[in-house]
$ cat work18.txt   # compact mmCIF, C-alpha atoms
# COMPACT_ATOMS: atom_id res chain seq x y z
CA MET A 17 0.00 0.00 0.00
CA PHE A 18 3.01 2.31 0.44
CA GLN A 19 3.60 2.16 -3.32
CA ALA A 20 -0.05 2.99 -3.99
CA GLN A 21 0.09 6.10 -1.81
CA ALA A 22 3.40 7.18 -3.32
CA CYS A 23 1.95 7.02 -6.84
CA ILE A 24 -1.13 8.98 -5.81
CA SER A 25 1.09 11.66 -4.26
CA LEU A 26 2.98 11.87 -7.57
CA GLY A 27 -0.22 12.48 -9.51
CA SER A 28 -1.18 9.00 -10.70
CA PRO A 29 -4.50 7.78 -9.29
CA PHE A 30 -4.51 4.89 -11.77
CA MET A 31 -1.22 3.53 -10.44
CA GLY A 32 -2.55 3.98 -6.93
CA GLN A 33 -5.57 1.87 -7.89
CA LEU A 34 -3.39 -0.76 -9.57
CA PHE A 35 -1.05 -1.19 -6.60
CA ARG A 36 -3.95 -1.23 -4.14
CA LEU A 37 -5.56 -4.09 -6.07
CA LEU A 38 -2.27 -5.99 -6.22
CA ALA A 39 -2.09 -5.70 -2.43
CA GLU A 40 -5.73 -6.57 -1.69
CA ARG A 41 -6.94 -9.07 -4.28
CA PRO A 42 -6.20 -12.82 -4.55
CA TRP A 43 -3.84 -13.44 -7.45
CA PRO A 44 -4.59 -16.16 -10.02
CA ALA A 45 -2.53 -19.33 -9.63
CA GLY A 46 0.41 -19.59 -11.99
CA PRO A 47 4.13 -18.96 -12.47
CA ILE A 48 3.93 -15.19 -11.94
CA ARG A 49 2.18 -15.49 -8.58
CA ASP A 50 4.60 -18.22 -7.53
CA ARG A 51 7.68 -16.23 -8.56
CA ILE A 52 6.67 -12.96 -6.93
CA PHE A 53 5.25 -14.50 -3.75
CA ASN A 54 8.49 -16.47 -3.28
CA TRP A 55 10.85 -13.66 -4.29
CA GLN A 56 14.18 -13.76 -2.48
CA GLY A 57 15.16 -10.30 -1.28
CA ASP A 58 13.52 -6.96 -0.65
CA VAL A 59 10.51 -6.59 -2.97
CA THR A 60 9.78 -2.99 -1.93
CA PRO A 61 10.73 0.23 -3.81
CA ARG A 62 13.64 0.59 -1.39
CA GLY A 63 14.95 -2.77 -2.62
CA GLN A 64 14.26 -4.53 -5.91
CA SER A 65 10.97 -2.75 -6.72
CA VAL A 66 9.23 -5.94 -7.80
CA THR A 67 5.76 -4.42 -8.09
CA LEU A 68 7.13 -1.61 -10.26
CA ARG A 69 8.71 -4.27 -12.50
CA LEU A 70 5.30 -5.93 -12.77
CA ALA A 71 3.56 -2.63 -13.53
CA GLY A 72 6.10 -1.95 -16.27
CA ALA A 73 5.52 -5.39 -17.78
CA LEU A 74 1.76 -4.80 -17.87
CA HIS A 75 2.10 -1.32 -19.36
CA ALA A 76 4.46 -2.69 -22.03
CA LEU A 77 1.73 -5.17 -22.99
CA ARG A 78 -0.76 -2.31 -23.19
CA LEU A 79 1.60 -0.27 -25.38
CA ARG A 80 2.07 -3.29 -27.65
CA GLY A 81 -1.68 -3.47 -28.21
CA ASN A 82 -3.03 -6.01 -25.71
CA ASP A 83 -6.79 -5.61 -26.19
CA THR A 84 -7.81 -6.73 -22.70
CA LEU A 85 -5.55 -4.22 -20.99
CA ALA A 86 -6.36 -1.50 -23.52
CA ALA A 87 -10.03 -1.72 -22.56
CA ALA A 88 -9.22 -1.36 -18.84
CA TYR A 89 -6.31 1.10 -18.86
CA PRO A 90 -6.47 4.89 -19.16
CA PRO A 91 -7.95 6.91 -20.69
CA HIS A 92 -10.80 4.69 -19.41
CA GLU A 93 -11.89 5.09 -15.78
CA THR A 94 -12.32 1.46 -14.82
CA PRO A 95 -14.04 -0.03 -11.75
CA ASP A 96 -11.86 -2.17 -9.50
CA ASP A 97 -13.45 -5.46 -10.54
CA VAL A 98 -13.05 -4.78 -14.26
CA LEU A 99 -9.42 -3.70 -13.88
CA TRP A 100 -8.57 -6.68 -11.72
CA ASP A 101 -10.14 -9.08 -14.23
CA ALA A 102 -7.92 -7.61 -16.94
CA ILE A 103 -4.82 -7.84 -14.76
CA SER A 104 -5.61 -11.40 -13.69
CA THR A 105 -6.07 -12.45 -17.32
CA ALA A 106 -2.73 -10.96 -18.29
CA LEU A 107 -0.91 -12.57 -15.34
CA VAL A 108 -1.87 -15.97 -16.76
CA SER A 109 -2.04 -15.47 -20.54
CA GLU A 110 1.10 -13.31 -20.76
CA ALA A 111 3.17 -15.15 -18.16
CA ASP A 112 6.20 -15.61 -20.42
CA HIS A 113 6.44 -11.89 -21.23
CA ILE A 114 5.93 -10.85 -17.60
CA ASP A 115 8.41 -13.44 -16.28
CA ASN A 116 11.10 -12.16 -18.64
CA TRP A 117 10.35 -8.52 -17.77
CA LEU A 118 10.70 -9.25 -14.05
CA ASN A 119 14.37 -10.12 -14.58
CA SER A 120 15.39 -6.45 -14.95
CA ALA A 121 15.14 -3.62 -12.45
CA PRO A 122 12.88 -0.68 -13.31
CA GLN A 123 14.56 1.85 -15.53
CA THR A 124 13.21 5.28 -16.31
CA ASN A 125 14.61 8.40 -17.87
CA GLU A 126 12.36 11.17 -16.52
CA VAL A 127 12.72 13.96 -19.06
CA ARG A 128 11.09 16.60 -16.83
CA ARG A 129 14.11 16.47 -14.50
CA ALA A 130 16.01 18.23 -17.28
CA ALA A 131 14.36 21.49 -16.17
CA THR A 132 16.93 21.66 -13.37
CA LEU A 133 19.77 20.95 -15.84
CA ILE A 134 18.69 23.78 -18.12
CA ALA A 135 18.53 26.05 -15.10
CA ILE A 136 21.98 25.17 -13.77
CA GLY A 137 23.39 25.40 -17.28
CA HIS A 138 22.17 29.00 -17.59
CA TRP A 139 23.52 29.87 -14.14
CA LEU A 140 26.96 28.39 -14.81
CA THR A 141 27.22 30.01 -18.24
CA ASP A 142 26.31 33.38 -16.77
CA ARG A 143 28.94 32.95 -14.06
CA PHE A 144 31.88 31.73 -16.18
CA GLY A 145 31.04 32.62 -19.79
CA LEU A 146 32.58 29.34 -20.99
CA PRO A 147 31.35 26.48 -23.18
CA MET A 148 30.92 23.25 -21.25
CA ARG A 149 31.55 19.56 -21.50
CA THR A 150 29.17 17.33 -19.55
CA SER A 151 29.36 13.94 -17.83
CA GLU A 152 26.11 12.31 -16.67
CA LEU A 153 26.29 9.58 -14.03
CA GLY A 154 23.45 7.07 -14.24
CA ALA A 155 22.29 8.25 -17.66
CA SER A 156 19.86 5.37 -18.42
CA GLY A 157 18.83 5.88 -22.06
CA GLY A 158 20.65 9.18 -22.42
CA LEU A 159 17.51 11.26 -22.93
CA ASN A 160 18.73 13.95 -20.52
CA LEU A 161 22.18 14.06 -22.08
CA HIS A 162 20.59 16.49 -24.55
CA TRP A 163 19.01 18.83 -22.00
CA ASP A 164 20.40 21.78 -23.97
CA ALA A 165 18.16 20.78 -26.89
CA PHE A 166 15.09 21.34 -24.69
CA ALA A 167 13.37 24.55 -23.64
CA LEU A 168 12.16 25.60 -20.18
CA ASP A 169 9.06 27.77 -19.91
CA ILE A 170 8.98 29.95 -16.79
CA ALA A 171 5.84 32.08 -16.71
CA GLY A 172 5.89 32.43 -20.49
CA GLN A 173 9.60 33.23 -20.71
CA LEU A 174 11.61 30.58 -22.57
CA PHE A 175 15.11 29.42 -21.67
CA GLY A 176 17.30 26.84 -23.33
CA SER A 177 17.23 25.99 -27.02
CA ASP A 178 15.72 28.41 -29.53
CA THR A 179 14.53 25.41 -31.59
CA PRO A 180 13.61 22.92 -28.85
CA ALA A 181 12.86 19.27 -29.32
CA LEU A 182 10.40 19.69 -26.43
CA THR A 183 9.38 22.31 -23.88
CA LEU A 184 9.20 21.74 -20.12
CA SER A 185 6.75 23.76 -18.03
CA PRO A 186 7.14 22.93 -14.34
CA ASP A 187 5.45 24.92 -11.61
CA TRP A 188 8.30 27.33 -10.91
CA THR A 189 8.94 29.37 -7.80
CA GLY A 190 11.97 31.57 -7.31
CA PRO A 191 13.96 33.89 -9.56
CA VAL A 192 14.02 33.55 -13.33
CA LEU A 193 17.25 32.48 -14.99
CA PRO A 194 20.03 34.54 -16.55
CA ALA A 195 19.47 34.96 -20.27
CA THR A 196 22.90 33.59 -21.25
CA THR A 197 22.30 30.34 -23.17
CA PRO A 198 24.64 27.42 -22.37
CA GLN A 199 26.78 25.89 -25.10
CA VAL A 200 27.61 22.19 -24.72
CA VAL A 201 30.61 21.25 -26.87
CA ALA A 202 31.03 17.64 -25.68
CA ARG A 203 28.80 15.25 -23.75
CA ALA A 204 28.88 11.69 -22.48
CA GLY A 205 27.02 9.49 -20.02
CA VAL A 206 27.40 6.16 -18.27
CA ASP A 207 25.05 3.56 -16.83
CA LEU A 208 25.39 0.01 -15.54
CA ASN A 209 22.58 -1.04 -17.88
CA PRO A 210 22.22 1.61 -20.58
CA LEU A 211 19.25 1.62 -22.90
CA ASP A 212 19.44 2.58 -26.57
CA PRO A 213 16.42 4.73 -27.54
CA ARG A 214 17.01 3.79 -31.20
CA ASN A 215 16.35 0.14 -30.32
CA LEU A 216 12.62 -0.62 -30.33
CA ALA A 217 12.75 -2.92 -27.29
CA ASP A 218 14.74 -0.37 -25.27
CA ALA A 219 12.45 2.47 -26.37
CA LEU A 220 9.49 0.38 -25.19
CA ARG A 221 11.13 -0.11 -21.79
CA LEU A 222 11.67 3.66 -21.42
CA GLN A 223 7.97 4.21 -22.12
CA ALA A 224 6.60 1.27 -20.14
CA TYR A 225 7.80 2.65 -16.80
CA LEU A 226 5.87 5.85 -17.36
CA TRP A 227 2.41 5.86 -15.82
CA PRO A 228 -0.58 5.24 -18.11
CA ASP A 229 -2.69 8.12 -16.79
CA GLN A 230 0.08 10.70 -17.42
CA PRO A 231 0.05 11.12 -21.22
CA HIS A 232 2.03 14.37 -21.05
CA ARG A 233 5.04 12.44 -19.72
CA MET A 234 4.68 10.01 -22.61
CA ASP A 235 4.60 12.84 -25.16
CA LEU A 236 7.75 14.40 -23.68
CA THR A 237 9.57 11.07 -23.54
CA ARG A 238 8.73 10.21 -27.14
CA ALA A 239 9.98 13.63 -28.24
CA ALA A 240 13.21 13.08 -26.29
CA ILE A 241 13.62 9.60 -27.82
CA THR A 242 13.40 11.16 -31.26
CA ALA A 243 16.03 13.76 -30.32
CA ALA A 244 18.46 11.34 -28.63
CA LYS A 245 21.78 11.11 -30.46
CA THR A 246 24.46 10.13 -27.92
CA PRO A 247 24.93 6.47 -26.92
CA VAL A 248 25.44 5.83 -23.21
CA THR A 249 28.56 3.94 -22.15
CA GLN A 250 28.01 0.75 -20.16
CA GLY A 251 30.07 0.60 -17.01
CA ASP A 252 30.57 1.63 -13.41
CA ALA A 253 30.05 5.39 -13.14
CA VAL A 254 32.98 6.09 -10.82
CA ASP A 255 35.45 4.00 -12.82
CA TRP A 256 34.28 5.69 -16.03
CA LEU A 257 34.55 9.17 -14.54
CA LYS A 258 38.24 8.64 -13.78
CA THR A 259 38.95 8.95 -17.50
CA ARG A 260 37.11 12.27 -17.84
CA LEU A 261 38.48 14.43 -15.04
CA ALA A 262 41.49 15.97 -16.78
CA PRO A 263 40.84 19.72 -17.22
CA HIS A 264 40.23 21.22 -20.67
CA GLN A 265 41.36 24.83 -20.90
CA GLY A 266 38.59 27.19 -21.96
CA GLN A 267 35.85 24.75 -20.97
CA LEU A 268 33.75 24.16 -17.86
CA HIS A 269 33.24 20.51 -16.92
CA LEU A 270 29.75 19.79 -15.54
CA ILE A 271 29.30 16.45 -13.77
CA TYR A 272 25.68 15.71 -12.90
CA SER A 273 23.17 13.12 -11.78
CA THR A 274 19.41 13.18 -11.34
CA VAL A 275 18.07 10.65 -8.82
CA ALA A 276 20.96 8.26 -9.53
CA TRP A 277 23.90 8.98 -7.19
CA GLN A 278 21.80 7.88 -4.21
CA TYR A 279 21.71 4.33 -5.63
CA PHE A 280 25.49 3.99 -5.89
CA PRO A 281 27.09 1.76 -3.22
CA ALA A 282 28.51 3.70 -0.28
CA ASP A 283 32.10 2.76 -1.12
CA LYS A 284 31.66 4.00 -4.69
CA GLN A 285 30.12 7.23 -3.45
CA ALA A 286 33.14 7.80 -1.21
CA GLU A 287 35.59 6.96 -3.98
CA GLY A 288 33.77 9.20 -6.48
CA THR A 289 33.58 12.10 -4.05
CA ALA A 290 37.30 11.92 -3.29
CA MET A 291 38.11 11.75 -7.00
CA ILE A 292 35.97 14.76 -7.87
CA GLU A 293 37.39 16.74 -4.96
CA ALA A 294 40.92 15.99 -6.14
CA ALA A 295 40.04 17.14 -9.65
CA GLY A 296 38.42 20.23 -8.19
CA ALA A 297 41.61 21.14 -6.37
CA ALA A 298 43.29 21.49 -9.78
CA ALA A 299 40.47 23.55 -11.33
CA THR A 300 41.03 27.14 -12.47
CA ASP A 301 38.81 29.99 -13.60
CA ASN A 302 39.64 28.99 -17.19
CA ALA A 303 38.90 25.31 -16.54
CA PRO A 304 36.33 25.19 -13.72
CA LEU A 305 34.62 22.06 -12.41
CA ALA A 306 30.95 21.87 -11.37
CA TRP A 307 29.22 18.91 -9.70
CA PHE A 308 25.44 19.17 -9.71
CA GLY A 309 22.99 16.78 -8.12
CA MET A 310 19.22 16.42 -8.03
CA GLU A 311 19.04 13.73 -5.36
CA ASN A 312 16.96 12.44 -2.47
CA ASP A 313 18.40 13.76 0.79
CA GLY A 314 15.60 12.40 2.99
CA GLY A 315 13.77 15.73 3.03
CA GLU A 316 10.02 15.88 3.24
CA ARG A 317 9.50 17.45 -0.17
CA GLY A 318 11.17 16.32 -3.37
CA ALA A 319 14.87 16.20 -4.17
CA ALA A 320 17.65 18.54 -3.09
CA LEU A 321 19.40 20.61 -5.77
CA THR A 322 23.06 20.99 -4.82
CA LEU A 323 26.17 22.31 -6.55
CA ARG A 324 29.84 22.03 -5.65
CA LEU A 325 31.97 24.42 -7.64
CA TRP A 326 35.72 24.74 -8.12
CA PRO A 327 38.01 26.63 -7.86
CA GLY A 328 37.20 27.41 -4.26
CA ASP A 329 35.03 24.36 -3.44
CA LEU A 330 31.85 26.41 -3.06
CA GLN A 331 28.94 24.30 -1.76
CA LEU A 332 25.70 25.88 -2.91
CA ASN A 333 22.02 25.13 -2.30
CA PHE A 334 19.76 25.65 -5.31
CA GLY A 335 16.51 24.63 -3.66
CA ARG A 336 14.40 21.57 -4.36
CA ALA A 337 12.49 19.90 -7.16
CA ASP A 338 9.77 17.29 -7.51
CA PHE A 339 11.20 13.84 -8.24
CA HIS A 340 9.27 13.80 -11.53
CA GLY A 341 10.01 17.44 -12.33
CA ARG A 342 6.44 18.69 -11.85
CA TRP A 343 7.67 21.66 -9.82
CA VAL A 344 10.93 23.44 -9.10
CA ASP A 345 11.58 25.64 -6.06
CA TRP A 346 14.67 27.47 -7.37
CA LYS A 347 16.90 29.25 -4.88
CA ALA A 348 19.91 30.32 -6.91
CA PRO A 349 22.41 32.25 -4.78
$ encode --input "work18.txt" --output "structure tokens"
Amino acid sequence: MFQAQACISLGSPFMGQLFRLLAERPWPAGPIRDRIFNWQGDVTPRGQSVTLRLAGALHALRLRGNDTLAAAYPPHETPDDVLWDAISTALVSEADHIDNWLNSAPQTNEVRRAATLIAIGHWLTDRFGLPMRTSELGASGGLNLHWDAFALDIAGQLFGSDTPALTLSPDWTGPVLPATTPQVVARAGVDLNPLDPRNLADALRLQAYLWPDQPHRMDLTRAAITAAKTPVTQGDAVDWLKTRLAPHQGQLHLIYSTVAWQYFPADKQAEGTAMIEAAGAAATDNAPLAWFGMENDGGERGAALTLRLWPGDLQLNFGRADFHGRWVDWKAP
């Protein structure tokens, strides 16, 4: 029921209904029930997120044209009994698809988080006046590697690209951004299990973990899939970053993560922090280093927006943002 309430709080009553039914109703006998009910390990969102895996498998079936689920899923408002009948049918008739889908952890690439990247890009460009190279840790399908190809609408004023692939419109509080547009001259990202948006199966996975009653997220993600151009490197983020920390004169290096760093093992977090700090100690005004994070700090509302900046090792608070990018409370110093 925790997952149901979390989805409702993030604006998805359908997912709240789905998870409530999964918690309350008797499941049909079969391999999917047996596998999930006997799962070894932590099935919760704080562990292996097994119910989110299942929800993604079901949504993938819906996106592939499963008629039974199509009749019960949004945009229809479906009574509990009708929805549960559709789910129960799929758990049995589509057991092979669901069983295979359960093998992989949930993987999303929330495009609306890029609003914070556009914002920090404007701030850094205004401060240093330099083109930037970027390194994204936990880049998933690489959709947010191209944040500079998106636009951000703040009360009718547009920031970011003049010819955007998509436009983000979060509820924004705080000051507007400097007008100076960032210029990204090199970009790269890493992920333990990268997805390729140009691959149909990977593109389906990126869409399946969106929530069926949030079509605006689907529209943005599909636009970002179309715009994606940079493959994500497969590997450990900290090991990969070691090869990218040498300064480039006349360029700012922006290292960033959005709801990814928090999932790195503690020893890797410590190693990565020490590495970045050492690189920061060698930074200059002509080759500065910025480390930006949109990460869960245990606060009551959304993710913390933090920046460490070298030279000088400034540690700056830029406010908070909704985990799905619905709102940004911007507090640029």
$ residues_near_point --input "work18.txt" --point "(0.9, 11.1, -19.2)" --cutoff "12 Å" --atoms "all atoms listed in the file" --output "PyMOL selection string"
chain A and resi 26-31+90-91+126+128+223-238+340+342
$ atom_distance --input "work18.txt" --atom1 "atom CA of A:Ala298" --atom2 "atom CA of A:Phe334"
24.3 Å
$ residues_near_point --input "work18.txt" --point "(-9.9, -7.0, -11.3)" --cutoff "12 Å" --atoms "all atoms listed in the file" --output "VMD selection string"
chain A and resid 33 to 44 84 to 85 88 to 89 94 to 107
$ atom_distance --input "work18.txt" --atom1 "atom CA of A:Asp164" --atom2 "atom CA of A:His269"
14.7 Å
$ closest_residue --input "work18.txt" --among "A:Asn125, A:Gln21, A:Thr189, A:Gln56" --to "A:Val344" --atoms "all atoms listed in the file"
A:Thr189
